[in-house]
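Structure file upload15.txt with compact mmCIF, C-alpha atoms:
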```
# COMPACT_ATOMS: atom_id res chain seq x y z
CA MET A 70 -58.21 -177.78 37.06
CA VAL A 71 -58.10 -179.80 40.26
CA GLN A 72 -59.75 -183.21 40.41
CA LYS A 73 -63.52 -183.39 40.57
CA LEU A 74 -65.20 -184.60 43.73
CA ASP A 75 -67.63 -187.50 43.41
CA THR A 76 -69.97 -186.01 45.99
CA LEU A 77 -73.28 -184.27 45.36
CA VAL A 78 -74.67 -181.13 46.94
CA GLU A 79 -77.78 -181.40 49.10
CA SER A 80 -80.92 -180.06 47.42
CA PRO A 81 -81.77 -176.62 48.76
CA SER A 82 -84.71 -176.34 51.11
CA GLN A 83 -87.81 -174.31 50.30
CA THR A 84 -90.51 -173.28 52.71
CA ALA A 85 -93.21 -175.86 53.42
CA GLY A 86 -95.73 -173.04 52.85
CA PRO A 87 -99.19 -172.69 54.40
CA TYR A 88 -100.60 -175.82 52.74
CA VAL A 89 -98.07 -178.41 53.91
CA HIS A 90 -100.95 -180.25 55.56
CA ILE A 91 -102.41 -181.21 52.18
CA GLY A 92 -99.46 -183.46 51.56
CA CYS A 93 -98.54 -184.52 55.08
CA MET A 94 -101.73 -184.31 57.18
CA PRO A 95 -104.69 -184.44 54.76
CA THR A 96 -107.33 -184.68 57.48
CA TYR A 97 -106.05 -181.46 59.06
CA ALA A 98 -106.25 -179.75 55.65
CA GLY A 99 -109.92 -180.72 55.44
CA ASN A 100 -109.24 -183.65 53.11
CA ALA A 101 -110.00 -186.66 55.30
CA GLY A 102 -109.96 -189.85 53.29
CA ALA A 103 -107.27 -188.73 50.84
CA TYR A 104 -105.19 -191.62 52.20
CA ASP A 105 -106.40 -194.77 53.92
CA ILE A 106 -103.52 -194.51 56.39
CA GLU A 107 -102.02 -191.16 57.41
CA ILE A 108 -98.43 -191.19 58.52
CA GLY A 109 -97.30 -190.25 62.01
CA GLU A 110 -100.70 -190.03 63.67
CA SER A 111 -99.24 -191.33 66.94
CA PRO A 112 -95.73 -192.24 68.14
CA ILE A 113 -97.14 -194.97 70.38
CA ALA A 114 -99.67 -197.75 70.16
CA GLU A 115 -101.85 -198.99 73.01
CA GLY A 116 -99.70 -200.89 75.49
CA ALA A 117 -96.45 -199.00 74.97
CA LYS A 118 -94.16 -199.39 77.97
CA GLY A 119 -93.32 -196.39 80.13
CA GLU A 120 -95.01 -193.24 81.32
CA VAL A 121 -97.55 -191.81 78.92
CA ILE A 122 -97.13 -188.06 78.77
CA GLU A 123 -98.77 -185.14 77.03
CA ILE A 124 -96.77 -182.14 75.89
CA THR A 125 -98.71 -179.06 74.89
CA GLY A 126 -97.43 -175.81 73.54
CA GLU A 127 -97.46 -173.12 70.91
CA VAL A 128 -95.05 -171.86 68.27
CA PHE A 129 -94.59 -168.10 68.63
CA ASP A 130 -93.25 -165.68 66.04
CA GLY A 131 -91.06 -162.66 66.87
CA THR A 132 -94.09 -160.55 67.75
CA GLY A 133 -95.40 -163.10 70.26
CA TRP A 134 -98.19 -164.31 67.96
CA ALA A 135 -98.82 -168.06 67.93
CA LEU A 136 -98.54 -169.60 64.47
CA ARG A 137 -101.74 -171.24 63.25
CA ASP A 138 -100.12 -173.04 60.33
CA ALA A 139 -97.01 -174.72 61.76
CA MET A 140 -96.42 -178.44 61.30
CA LEU A 141 -94.20 -180.32 63.71
CA GLU A 142 -92.55 -183.72 63.63
CA SER A 143 -91.08 -185.57 66.57
CA TRP A 144 -88.73 -188.54 66.78
CA GLN A 145 -87.71 -190.39 69.92
CA PRO A 146 -86.66 -193.73 71.39
CA ASP A 147 -88.84 -195.89 73.63
CA ALA A 148 -88.89 -195.73 77.42
CA ALA A 149 -85.72 -197.83 77.56
CA GLY A 150 -83.81 -195.57 75.19
CA LEU A 151 -84.07 -197.87 72.17
CA PHE A 152 -85.08 -196.59 68.75
CA PRO A 153 -87.50 -198.59 66.60
CA GLY A 154 -85.60 -201.26 64.71
CA GLN A 155 -82.95 -201.71 67.38
CA ASP A 156 -82.73 -205.05 69.18
CA GLY A 157 -85.22 -205.21 72.02
CA ALA A 158 -87.04 -202.00 71.12
CA ASP A 159 -90.66 -201.75 72.25
CA PRO A 160 -92.78 -202.82 69.24
CA LYS A 161 -95.54 -200.48 70.45
CA VAL A 162 -93.36 -197.41 69.93
CA SER A 163 -93.04 -196.09 66.37
CA GLY A 164 -91.25 -193.06 67.80
CA PHE A 165 -92.48 -190.71 65.09
CA CYS A 166 -95.31 -188.21 65.25
CA ARG A 167 -96.66 -185.50 63.02
CA PHE A 168 -98.81 -182.83 64.59
CA ALA A 169 -99.85 -179.29 63.87
CA ALA A 170 -100.66 -176.05 65.59
CA ASP A 171 -104.44 -175.77 65.81
CA SER A 172 -105.75 -173.56 63.02
CA GLU A 173 -107.89 -171.58 65.50
CA SER A 174 -105.93 -171.52 68.76
CA GLY A 175 -102.36 -172.23 67.64
CA LYS A 176 -101.98 -174.92 70.32
CA PHE A 177 -100.37 -178.27 69.65
CA THR A 178 -100.40 -181.51 71.65
CA LEU A 179 -97.98 -184.41 71.51
CA ARG A 180 -99.08 -187.55 73.35
CA THR A 181 -96.29 -190.07 73.72
CA VAL A 182 -94.21 -192.03 76.21
CA LYS A 183 -91.36 -190.38 78.02
CA PRO A 184 -88.20 -191.42 76.19
CA GLY A 185 -85.28 -193.17 77.86
CA ALA A 186 -81.73 -191.85 77.86
CA VAL A 187 -79.49 -192.58 74.86
CA LYS A 188 -75.72 -192.39 74.57
CA ALA A 189 -74.27 -189.77 72.24
CA ARG A 190 -71.65 -190.64 69.63
CA GLY A 191 -68.51 -191.12 71.69
CA GLY A 192 -70.34 -192.66 74.63
CA ALA A 193 -71.46 -189.73 76.81
CA MET A 194 -74.95 -190.29 78.22
CA GLN A 195 -77.50 -187.76 77.05
CA ALA A 196 -80.49 -186.73 79.11
CA PRO A 197 -83.85 -188.03 77.82
CA HIS A 198 -85.11 -185.91 74.96
CA ILE A 199 -87.42 -185.84 71.95
CA SER A 200 -86.13 -184.47 68.63
CA LEU A 201 -88.38 -181.88 67.06
CA TRP A 202 -88.57 -180.49 63.53
CA ILE A 203 -90.72 -177.44 62.74
CA VAL A 204 -91.87 -176.19 59.35
CA ALA A 205 -94.33 -173.49 58.30
CA ARG A 206 -94.93 -170.70 55.86
CA GLY A 207 -92.10 -168.21 56.35
CA ILE A 208 -89.67 -170.86 57.63
CA ASN A 209 -87.19 -171.33 54.79
CA ILE A 210 -85.53 -174.44 56.15
CA GLY A 211 -87.02 -176.77 58.77
CA LEU A 212 -85.94 -175.89 62.30
CA GLN A 213 -84.43 -178.63 64.45
CA THR A 214 -84.62 -178.52 68.21
CA ARG A 215 -85.07 -180.85 71.19
CA ILE A 216 -87.51 -181.25 74.06
CA TYR A 217 -85.85 -182.10 77.39
CA PHE A 218 -87.71 -182.54 80.67
CA GLU A 219 -87.64 -180.40 83.78
CA ASP A 220 -87.97 -183.45 86.08
CA GLU A 221 -84.93 -185.27 84.66
CA ASP A 222 -81.27 -184.78 85.51
CA ASN A 223 -80.08 -182.66 82.60
CA SER A 224 -76.82 -181.56 84.21
CA ALA A 225 -74.48 -183.80 82.21
CA ASP A 226 -76.19 -183.58 78.84
CA PRO A 227 -73.54 -182.83 76.20
CA LEU A 228 -75.83 -180.74 74.02
CA LEU A 229 -77.24 -178.60 76.82
CA ASN A 230 -73.72 -178.09 78.13
CA ARG A 231 -72.64 -176.71 74.78
CA ILE A 232 -75.04 -173.77 75.13
CA GLU A 233 -72.91 -170.91 76.36
CA GLN A 234 -75.72 -168.76 77.70
CA GLY A 235 -77.17 -170.61 80.67
CA ASN A 236 -80.37 -168.59 80.41
CA ARG A 237 -81.03 -170.06 76.97
CA VAL A 238 -80.84 -173.70 78.16
CA GLU A 239 -84.33 -173.47 79.59
CA THR A 240 -85.77 -172.86 76.10
CA LEU A 241 -85.22 -176.60 75.48
CA ILE A 242 -86.75 -177.85 78.71
CA ALA A 243 -90.42 -178.80 79.00
CA LYS A 244 -92.04 -177.56 82.18
CA LYS A 245 -94.02 -180.03 84.23
CA THR A 246 -97.55 -178.76 84.81
CA GLY A 247 -99.17 -181.87 86.28
CA ASP A 248 -99.07 -185.63 86.39
CA GLY A 249 -97.72 -186.63 82.97
CA GLN A 250 -98.39 -183.12 81.69
CA TYR A 251 -95.76 -180.80 80.25
CA THR A 252 -95.65 -177.46 78.46
CA PHE A 253 -93.11 -176.74 75.75
CA ASN A 254 -93.30 -173.59 73.65
CA VAL A 255 -91.21 -172.85 70.60
CA VAL A 256 -90.18 -169.22 70.15
CA LEU A 257 -88.96 -168.53 66.63
CA GLN A 258 -87.48 -165.14 67.35
CA GLY A 259 -86.94 -162.62 70.11
CA ASP A 260 -85.69 -162.43 73.67
CA ARG A 261 -86.70 -165.95 74.59
CA GLU A 262 -85.82 -167.46 71.22
CA THR A 263 -85.56 -171.26 71.27
CA VAL A 264 -82.12 -172.74 70.72
CA PHE A 265 -82.26 -174.26 67.23
CA LEU A 266 -79.81 -176.91 66.14
CA ASP A 267 -77.52 -177.60 63.21
CA ILE A 268 -76.90 -181.26 63.83
CA MET B 164 -76.45 -198.07 68.61
CA SER B 165 -73.79 -200.74 68.37
CA ASP B 166 -70.63 -199.90 66.52
CA HIS B 167 -70.81 -202.70 63.97
CA ASN B 168 -73.71 -201.06 62.13
CA ASP B 169 -72.47 -197.50 62.62
CA LEU B 170 -72.61 -195.82 59.21
CA GLY B 171 -70.84 -192.73 60.50
CA PRO B 172 -72.18 -189.30 61.41
CA LEU B 173 -74.25 -187.19 59.06
CA ILE B 174 -72.20 -184.86 56.91
CA PRO B 175 -72.71 -181.39 58.40
CA ARG B 176 -75.16 -179.30 56.41
CA ASN B 177 -73.63 -176.78 54.06
CA ARG B 178 -75.91 -173.92 55.04
CA ALA B 179 -74.68 -171.83 52.10
CA VAL B 180 -76.71 -173.94 49.67
CA HIS B 181 -79.90 -173.34 51.64
CA PRO B 182 -81.95 -170.16 52.00
CA PRO B 183 -81.12 -167.95 54.97
CA ALA B 184 -83.87 -167.86 57.60
CA TYR B 185 -84.45 -164.14 57.13
CA ASP B 186 -85.29 -162.72 53.71
CA ILE B 187 -86.98 -159.33 53.64
CA ASP B 188 -88.50 -159.97 50.19
CA TYR B 189 -90.35 -163.00 51.56
CA LYS B 190 -92.27 -161.04 54.16
CA THR B 191 -93.53 -163.91 56.32
CA SER B 192 -89.93 -164.93 56.99
CA VAL B 193 -89.30 -161.63 58.77
CA PRO B 194 -91.11 -162.46 62.05
CA ARG B 195 -90.54 -166.21 61.71
CA SER B 196 -86.75 -166.28 61.33
CA PRO B 197 -84.48 -167.06 64.28
CA ARG B 198 -81.94 -164.32 64.91
CA TRP B 199 -79.47 -166.29 67.00
CA SER B 200 -77.00 -168.70 65.46
CA LEU B 201 -77.85 -172.38 65.26
CA LEU B 202 -76.02 -174.64 67.72
CA SER B 203 -73.79 -176.92 65.62
CA LEU B 204 -72.96 -180.40 66.87
CA ASP B 205 -71.98 -183.80 65.52
CA SER B 206 -74.98 -185.97 64.85
CA GLY B 207 -75.85 -188.84 67.17
CA PRO B 208 -78.49 -191.58 67.32
CA SER B 209 -81.31 -189.02 67.62
CA GLU B 210 -80.45 -187.64 64.18
CA GLU B 211 -78.99 -190.72 62.49
CA THR B 212 -81.93 -193.02 63.14
CA GLY B 213 -85.37 -192.36 61.76
CA PRO B 214 -88.77 -193.87 61.17
CA THR B 215 -89.19 -196.42 58.41
CA PHE B 216 -92.23 -196.50 56.16
CA GLY B 217 -93.32 -199.64 54.41
CA HIS B 218 -95.43 -200.20 51.33
CA ASP B 219 -98.24 -201.29 53.64
CA VAL B 220 -99.10 -197.64 54.33
CA LEU B 221 -99.48 -196.86 50.63
CA GLY B 222 -102.80 -197.11 48.85
CA GLU B 223 -103.29 -198.26 45.29
CA TRP B 224 -103.72 -194.73 43.87
CA ASP B 225 -101.36 -192.79 46.12
CA ASN B 226 -98.82 -191.84 43.43
CA ASN B 227 -101.42 -191.02 40.79
CA LEU B 228 -102.78 -187.53 41.49
CA ILE B 229 -104.86 -187.58 38.32
CA MET B 230 -106.98 -190.38 39.71
CA ASN B 231 -106.39 -190.67 43.45
CA TRP B 232 -108.96 -188.16 44.71
CA THR B 233 -111.79 -190.12 43.04
CA ARG B 234 -110.08 -193.48 43.60
CA GLY B 235 -109.96 -194.15 39.89
CA LYS B 236 -113.45 -192.94 38.99
CA ALA B 237 -112.70 -189.71 37.10
CA PRO B 238 -109.53 -187.91 36.01
CA ALA B 239 -108.45 -184.45 37.15
CA VAL B 240 -108.48 -181.51 34.74
CA GLY B 241 -105.14 -180.30 33.43
CA GLU B 242 -102.05 -181.04 31.42
CA ARG B 243 -101.06 -184.62 32.19
CA ILE B 244 -97.45 -185.03 33.32
CA LEU B 245 -95.19 -187.69 34.75
CA VAL B 246 -92.81 -186.44 37.44
CA HIS B 247 -90.00 -188.86 38.08
CA GLY B 248 -86.49 -188.94 39.45
CA ARG B 249 -84.19 -190.38 42.04
CA VAL B 250 -83.46 -189.69 45.66
CA LEU B 251 -79.70 -189.75 46.21
CA ASP B 252 -77.42 -188.83 49.08
CA GLU B 253 -74.39 -186.56 49.08
CA ASN B 254 -72.17 -189.59 48.44
CA ALA B 255 -74.12 -190.07 45.18
CA ARG B 256 -75.68 -193.28 46.46
CA PRO B 257 -79.34 -193.99 45.78
CA VAL B 258 -81.65 -193.79 48.79
CA PRO B 259 -84.03 -196.76 48.61
CA ASN B 260 -87.26 -196.84 50.63
CA ALA B 261 -87.37 -193.07 50.97
CA LEU B 262 -90.85 -191.68 51.57
CA VAL B 263 -91.62 -188.98 49.00
CA GLU B 264 -94.78 -186.93 49.60
CA ILE B 265 -95.97 -184.20 47.26
CA TRP B 266 -98.73 -181.60 47.27
CA GLN B 267 -99.70 -179.01 44.72
CA ALA B 268 -102.33 -176.61 43.41
CA ASN B 269 -104.75 -177.74 40.70
CA ALA B 270 -104.52 -176.66 37.06
CA GLY B 271 -106.13 -173.32 37.95
CA GLY B 272 -103.70 -172.56 40.78
CA ARG B 273 -106.08 -173.42 43.64
CA TYR B 274 -105.21 -175.67 46.58
CA ARG B 275 -107.66 -178.02 48.22
CA HIS B 276 -107.06 -176.65 51.73
CA LYS B 277 -109.52 -175.10 54.13
CA LYS B 278 -107.37 -171.95 54.24
CA ASP B 279 -106.99 -171.33 50.48
CA THR B 280 -109.47 -168.67 49.38
CA TYR B 281 -108.19 -167.93 45.85
CA PHE B 282 -111.21 -167.69 43.53
CA ALA B 283 -109.91 -170.12 40.91
CA PRO B 284 -112.30 -173.06 41.23
CA LEU B 285 -111.60 -176.36 42.91
CA ASP B 286 -111.50 -179.35 40.59
CA PRO B 287 -113.93 -181.92 42.02
CA ASN B 288 -111.62 -184.65 40.72
CA PHE B 289 -108.36 -183.35 42.15
CA GLY B 290 -107.13 -183.61 45.75
CA GLY B 291 -103.58 -182.42 45.21
CA CYS B 292 -101.56 -184.85 47.31
CA GLY B 293 -99.59 -187.95 46.49
CA ARG B 294 -96.93 -190.14 47.99
CA THR B 295 -94.68 -193.03 47.15
CA ILE B 296 -91.62 -194.92 48.36
CA THR B 297 -88.44 -195.06 46.29
CA ASP B 298 -87.41 -198.40 44.84
CA GLU B 299 -84.12 -200.19 45.53
CA ASN B 300 -82.30 -197.79 43.18
CA GLY B 301 -83.85 -194.66 44.64
CA PHE B 302 -86.33 -194.10 41.80
CA TYR B 303 -89.81 -192.66 42.28
CA GLU B 304 -92.57 -191.47 39.94
CA PHE B 305 -95.87 -189.65 40.08
CA LEU B 306 -98.56 -189.11 37.51
CA THR B 307 -100.18 -185.72 37.99
CA ILE B 308 -101.33 -182.56 36.24
CA ARG B 309 -99.24 -179.43 35.78
CA PRO B 310 -100.17 -177.07 38.62
CA GLY B 311 -101.23 -173.54 37.76
CA ALA B 312 -99.34 -170.43 38.81
CA TYR B 313 -101.21 -168.31 41.34
CA PRO B 314 -101.02 -164.90 43.01
CA TRP B 315 -100.21 -164.58 46.70
CA PRO B 316 -100.19 -161.72 49.17
CA ASN B 317 -96.59 -160.58 49.61
CA ARG B 318 -95.40 -157.58 47.61
CA GLY B 319 -97.94 -155.78 45.43
CA ASN B 320 -98.18 -158.36 42.65
CA ASP B 321 -96.29 -161.53 43.46
CA TRP B 322 -97.07 -164.82 41.75
CA ARG B 323 -95.89 -168.28 42.55
CA PRO B 324 -94.41 -170.07 39.55
CA MET B 325 -95.84 -173.50 38.77
CA HIS B 326 -94.45 -175.75 41.46
CA ILE B 327 -94.87 -179.02 43.31
CA HIS B 328 -94.01 -179.26 47.00
CA PHE B 329 -91.82 -182.21 47.97
CA SER B 330 -91.33 -183.68 51.42
CA ILE B 331 -88.61 -186.33 51.62
CA PHE B 332 -87.87 -188.79 54.38
CA GLY B 333 -84.57 -190.62 54.01
CA HIS B 334 -83.30 -193.05 56.64
CA SER B 335 -82.27 -190.47 59.26
CA PHE B 336 -84.40 -187.88 61.02
CA GLY B 337 -81.52 -185.45 60.43
CA GLN B 338 -81.92 -185.86 56.65
CA ARG B 339 -85.43 -184.44 56.74
CA LEU B 340 -86.04 -182.07 53.86
CA ILE B 341 -88.93 -180.14 52.35
CA SER B 342 -88.44 -178.35 49.06
CA GLN B 343 -90.22 -177.38 45.84
CA MET B 344 -89.90 -178.46 42.24
CA TYR B 345 -90.18 -175.83 39.51
CA PHE B 346 -90.70 -176.33 35.76
CA GLU B 347 -88.12 -175.62 33.09
CA GLY B 348 -88.85 -172.46 31.13
CA ASP B 349 -91.29 -170.85 33.59
CA PRO B 350 -90.53 -167.10 33.54
CA LEU B 351 -92.11 -166.67 36.97
CA ILE B 352 -89.34 -168.64 38.71
CA TYR B 353 -86.91 -165.75 38.59
CA ARG B 354 -89.52 -163.25 39.77
CA CYS B 355 -90.58 -165.29 42.78
CA PRO B 356 -89.35 -164.14 46.19
CA ILE B 357 -89.68 -167.67 47.61
CA ALA B 358 -87.55 -169.20 44.84
CA ALA B 359 -85.16 -166.26 45.35
CA THR B 360 -84.59 -167.21 48.99
CA VAL B 361 -82.04 -169.62 47.47
CA LYS B 362 -79.25 -167.11 46.91
CA ASP B 363 -76.98 -169.15 44.65
CA ARG B 364 -78.49 -169.27 41.15
CA SER B 365 -76.83 -172.60 40.37
CA GLN B 366 -78.43 -174.04 43.50
CA LEU B 367 -81.84 -172.67 42.59
CA ASP B 368 -81.46 -174.28 39.19
CA THR B 369 -81.18 -177.69 40.87
CA LEU B 370 -84.85 -177.22 41.84
CA VAL B 371 -85.92 -176.73 38.22
CA ALA B 372 -87.04 -179.95 36.53
CA PRO B 373 -86.23 -180.29 32.84
CA LEU B 374 -88.74 -181.53 30.29
CA ASP B 375 -87.87 -185.18 29.66
CA MET B 376 -89.22 -186.31 26.32
CA ALA B 377 -87.60 -189.73 26.71
CA LYS B 378 -90.11 -190.50 29.45
CA ALA B 379 -93.07 -188.71 27.86
CA ARG B 380 -95.73 -191.06 26.55
CA PRO B 381 -97.10 -190.25 23.09
CA MET B 382 -100.74 -189.15 23.07
CA ASP B 383 -100.83 -189.29 26.89
CA PHE B 384 -98.44 -187.28 29.10
CA LEU B 385 -95.31 -185.13 29.13
CA ALA B 386 -92.55 -185.89 31.62
CA TYR B 387 -90.29 -183.92 33.94
CA LYS B 388 -87.25 -185.27 35.75
CA PHE B 389 -86.52 -184.17 39.30
CA ASP B 390 -83.68 -185.67 41.34
CA ILE B 391 -83.32 -184.88 45.03
CA VAL B 392 -80.15 -185.03 47.09
CA LEU B 393 -80.34 -185.69 50.84
CA ARG B 394 -77.57 -185.38 53.40
CA GLY B 395 -75.07 -188.25 53.37
CA ARG B 396 -73.09 -190.00 56.08
CA ARG B 397 -69.37 -189.51 56.62
CA GLN B 398 -67.54 -192.82 56.42
CA THR B 399 -63.81 -193.00 56.92
CA MET B 400 -61.73 -195.74 58.45
CA PHE B 401 -60.83 -193.31 61.24
CA GLU B 402 -64.42 -192.55 62.20
CA ASN B 403 -64.70 -194.72 65.31
CA LYS B 404 -61.27 -193.95 66.75
CA LEU B 405 -61.07 -191.75 69.78
CA GLU B 406 -59.93 -188.20 69.25
CA GLY B 407 -56.14 -187.90 69.00
CA MET B 408 -55.48 -191.61 68.60
```
The structure in this file should be written as structure tokens.
Amino acid sequence: MVQKLDTLVESPSQTAGPYVHIGCMPTYAGNAGAYDIEIGESPIAEGAKGEVIEITGEVFDGTGWALRDAMLESWQPDAAGLFPGQDGADPKVSGFCRFAADSESGKFTLRTVKPGAVKARGGAMQAPHISLWIVARGINIGLQTRIYFEDEDNSADPLLNRIEQGNRVETLIAKKTGDGQYTFNVVLQGDRETVFLDI
Amino acid sequence: MSDHNDLGPLIPRNRAVHPPAYDIDYKTSVPRSPRWSLLSLDSGPSEETGPTFGHDVLGEWDNNLIMNWTRGKAPAVGERILVHGRVLDENARPVPNALVEIWQANAGGRYRHKKDTYFAPLDPNFGGCGRTITDENGFYEFLTIRPGAYPWPNRGNDWRPMHIHFSIFGHSFGQRLISQMYFEGDPLIYRCPIAATVKDRSQLDTLVAPLDMAKARPMDFLAYKFDIVLRGRRQTMFENKLEGM
């Protein structure tokens, strides 16, 4: 017998199922009032510095049908590229948001401030982005991805440059549709499948 | 992030311990599973940082599902149980201040959700959600009722074993995990296509909580112990050196 490691193994994931909202977004589940304060209702408070933006989209399955039961979480720095808790970070930016595909239309909306650029480990500057995590019935382990922005310089971003197929890079880039308005769709499967991350 | 508080990158996920995205026996995964490989990268600030949740968001009854729906006025129907355990990381260190959120069906197997149409009745005294924050040693506990098993549309006659959904927030967004706790001795576990998405039986068994009579309270509740392991951080004295140096 070789020596035993002192490390533990991560607990295996299980699907969030169709009723994830009961635990994470009670009001959405029809249970308003279950908690006095729901978590992640907005990533910004009134007065947050920077450009307020709205990102709308849908989460599509492999047949092109928009999921009605997906829950999404986003995490980002403030407009200066500082995460909450770091010295000088904007106190009006919590950086975290929980939102869901609408149970009728499948559309989601994220209202936030445009994040600033942050250096990667090793010092390379990354293009501004929002981290995204998607769970739903039928998704066995939460899917990680990122939202980048069409109107930023993404040419030197280390993550985007790691994607071999140039035609897949655009799956991570929100399209500008108006002043402060962007569209970002997540495609779980198929020809235009979103690049998902193991990071 | 400045280097002096750099705890090192997240340990890459061992995907072999997790369910594959596509599992034909869990039919909804078929159209919802990515086909292309994930893009693997070292973590950075976007994954290593994460939101913090303080006790100020918690309400008085949040970790007591027997009483929280009625705010202490009337108890839920069902077998009273304590569910307790620790949140640890892969380095076997406790994770303090982790947000643990749970949701579950009532004793009859019915969820309080606008989309659940199973004809088992709702319990007017049971909401089915609870949350807490781990203490400085990573411990958490909930008082709840044992959820009922229930049928679901998948193959001809599939039933979910008794289970409690867990959502865990450690300190890093990249540690984010949702899983389910099963109950020791439930014969439905090994017939369930969702449990069976975890291919390694020894890994599935880590999601099965044992009866814990040492924590059970006489004439009141039984207890089940459920520990959760989140991703850890890789710390070596070579971590911040440039490649090749």
As AutoDock Vina command-line options, please report the centre and edge lengths, rounded to one decimal in Å, of the axis-aligned box that holds all listed atoms of stretch 200-208 of chain A with 4 Å of padding on each of the six sides.
```
--center_x -90.5 --center_y -176.3 --center_z 62.2 --size_x 16.8 --size_y 24.3 --size_z 20.8
```
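Residue nearest chain B within the list A:Leu136, A:Ala169, A:Ala101, A:Leu266: A:Leu266 [criterion: smallest interatomic distance, all atoms listed in the file].
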Review point. From the list B:Gly293, B:Pro197, B:Leu251, B:Gly272, which residue is nearest B:Gly222 when using only C-alpha atoms?
Key: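 Ranking B:Gly293, B:Pro197, B:Leu251, B:Gly272 by distance to B:Gly222, first place goes to B:Gly293.
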Each chain B residue no farther than 6 Å from chain A, nearest pair in Å, all atoms listed in the file, as CSV:
```
residue,atom,partner,partner_atom,distance
B:Val180,CA,A:Pro81,CA,5.8
B:His181,CA,A:Pro81,CA,4.7
B:Ala184,CA,A:Asn209,CA,5.6
B:Thr191,CA,A:Gly207,CA,4.5
B:Ser192,CA,A:Gly207,CA,4.0
B:Pro194,CA,A:Gly131,CA,4.8
B:Arg195,CA,A:Asp130,CA,5.1
B:Pro197,CA,A:Gln258,CA,4.7
B:Leu201,CA,A:Leu266,CA,5.0
B:Leu202,CA,A:Leu266,CA,4.7
B:Ser203,CA,A:Asp267,CA,4.5
B:Leu204,CA,A:Ile268,CA,5.1
B:Asp205,CA,A:Ile268,CA,5.8
B:Ser206,CA,A:Ile268,CA,5.2
B:Gly207,CA,A:Arg190,CA,5.2
B:Val220,CA,A:Ile106,CA,5.8
B:Glu253,CA,A:Leu77,CA,4.5
B:Asn254,CA,A:Thr76,CA,4.9
B:Ala255,CA,A:Thr76,CA,5.9
B:Ile265,CA,A:Gly92,CA,5.6
B:Trp266,CA,A:Gly92,CA,4.7
B:His276,CA,A:Ala98,CA,5.1
B:Lys277,CA,A:Gly99,CA,5.8
B:Cys292,CA,A:Gly92,CA,4.9
B:Ile341,CA,A:Ser82,CA,5.8
B:Ser342,CA,A:Gln83,CA,4.3
B:Gln343,CA,A:Gln83,CA,5.9
B:Ile391,CA,A:Ser80,CA,5.9
B:Val392,CA,A:Glu79,CA,4.8
B:Leu393,CA,A:Glu79,CA,5.3
B:Arg394,CA,A:Glu79,CA,5.9
```
Practice item. Report the distance between atom CA of A:Gly249 and atom CA of A:Thr178 in Å, rounded to one decimal place. Key: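 About the pair atom CA of A:Gly249 and atom CA of A:Thr178: they are 12.7 Å apart.
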Which residues of stretch 290-329 of chain B come within 12 Å of stretch 226-237 of chain B, and for each one, what is the closest pair of atoms and their distance in Å to one decimal, counting only C-alpha atoms, sorted by chain and residue number, as JSON lines?
```
{"residue": "B:Gly290", "atom": "CA", "partner": "B:Trp232", "partner_atom": "CA", "distance": 5.0}
{"residue": "B:Gly291", "atom": "CA", "partner": "B:Leu228", "partner_atom": "CA", "distance": 6.4}
{"residue": "B:Cys292", "atom": "CA", "partner": "B:Leu228", "partner_atom": "CA", "distance": 6.5}
{"residue": "B:Gly293", "atom": "CA", "partner": "B:Asn226", "partner_atom": "CA", "distance": 5.0}
{"residue": "B:Arg294", "atom": "CA", "partner": "B:Asn226", "partner_atom": "CA", "distance": 5.2}
{"residue": "B:Thr295", "atom": "CA", "partner": "B:Asn226", "partner_atom": "CA", "distance": 5.7}
{"residue": "B:Ile296", "atom": "CA", "partner": "B:Asn226", "partner_atom": "CA", "distance": 9.3}
{"residue": "B:Thr297", "atom": "CA", "partner": "B:Asn226", "partner_atom": "CA", "distance": 11.2}
{"residue": "B:Tyr303", "atom": "CA", "partner": "B:Asn226", "partner_atom": "CA", "distance": 9.1}
{"residue": "B:Glu304", "atom": "CA", "partner": "B:Asn226", "partner_atom": "CA", "distance": 7.2}
{"residue": "B:Phe305", "atom": "CA", "partner": "B:Asn226", "partner_atom": "CA", "distance": 5.0}
{"residue": "B:Leu306", "atom": "CA", "partner": "B:Asn227", "partner_atom": "CA", "distance": 4.8}
{"residue": "B:Thr307", "atom": "CA", "partner": "B:Leu228", "partner_atom": "CA", "distance": 4.7}
{"residue": "B:Ile308", "atom": "CA", "partner": "B:Ile229", "partner_atom": "CA", "distance": 6.5}
{"residue": "B:Arg309", "atom": "CA", "partner": "B:Ile229", "partner_atom": "CA", "distance": 10.2}
{"residue": "B:Pro310", "atom": "CA", "partner": "B:Leu228", "partner_atom": "CA", "distance": 11.2}
{"residue": "B:Ile327", "atom": "CA", "partner": "B:Leu228", "partner_atom": "CA", "distance": 11.8}
```
Review point. At what distance in Å, to one decimal, does atom CA of B:Val371 lie from atom CA of B:Ile352?
Key: 8.8 Å
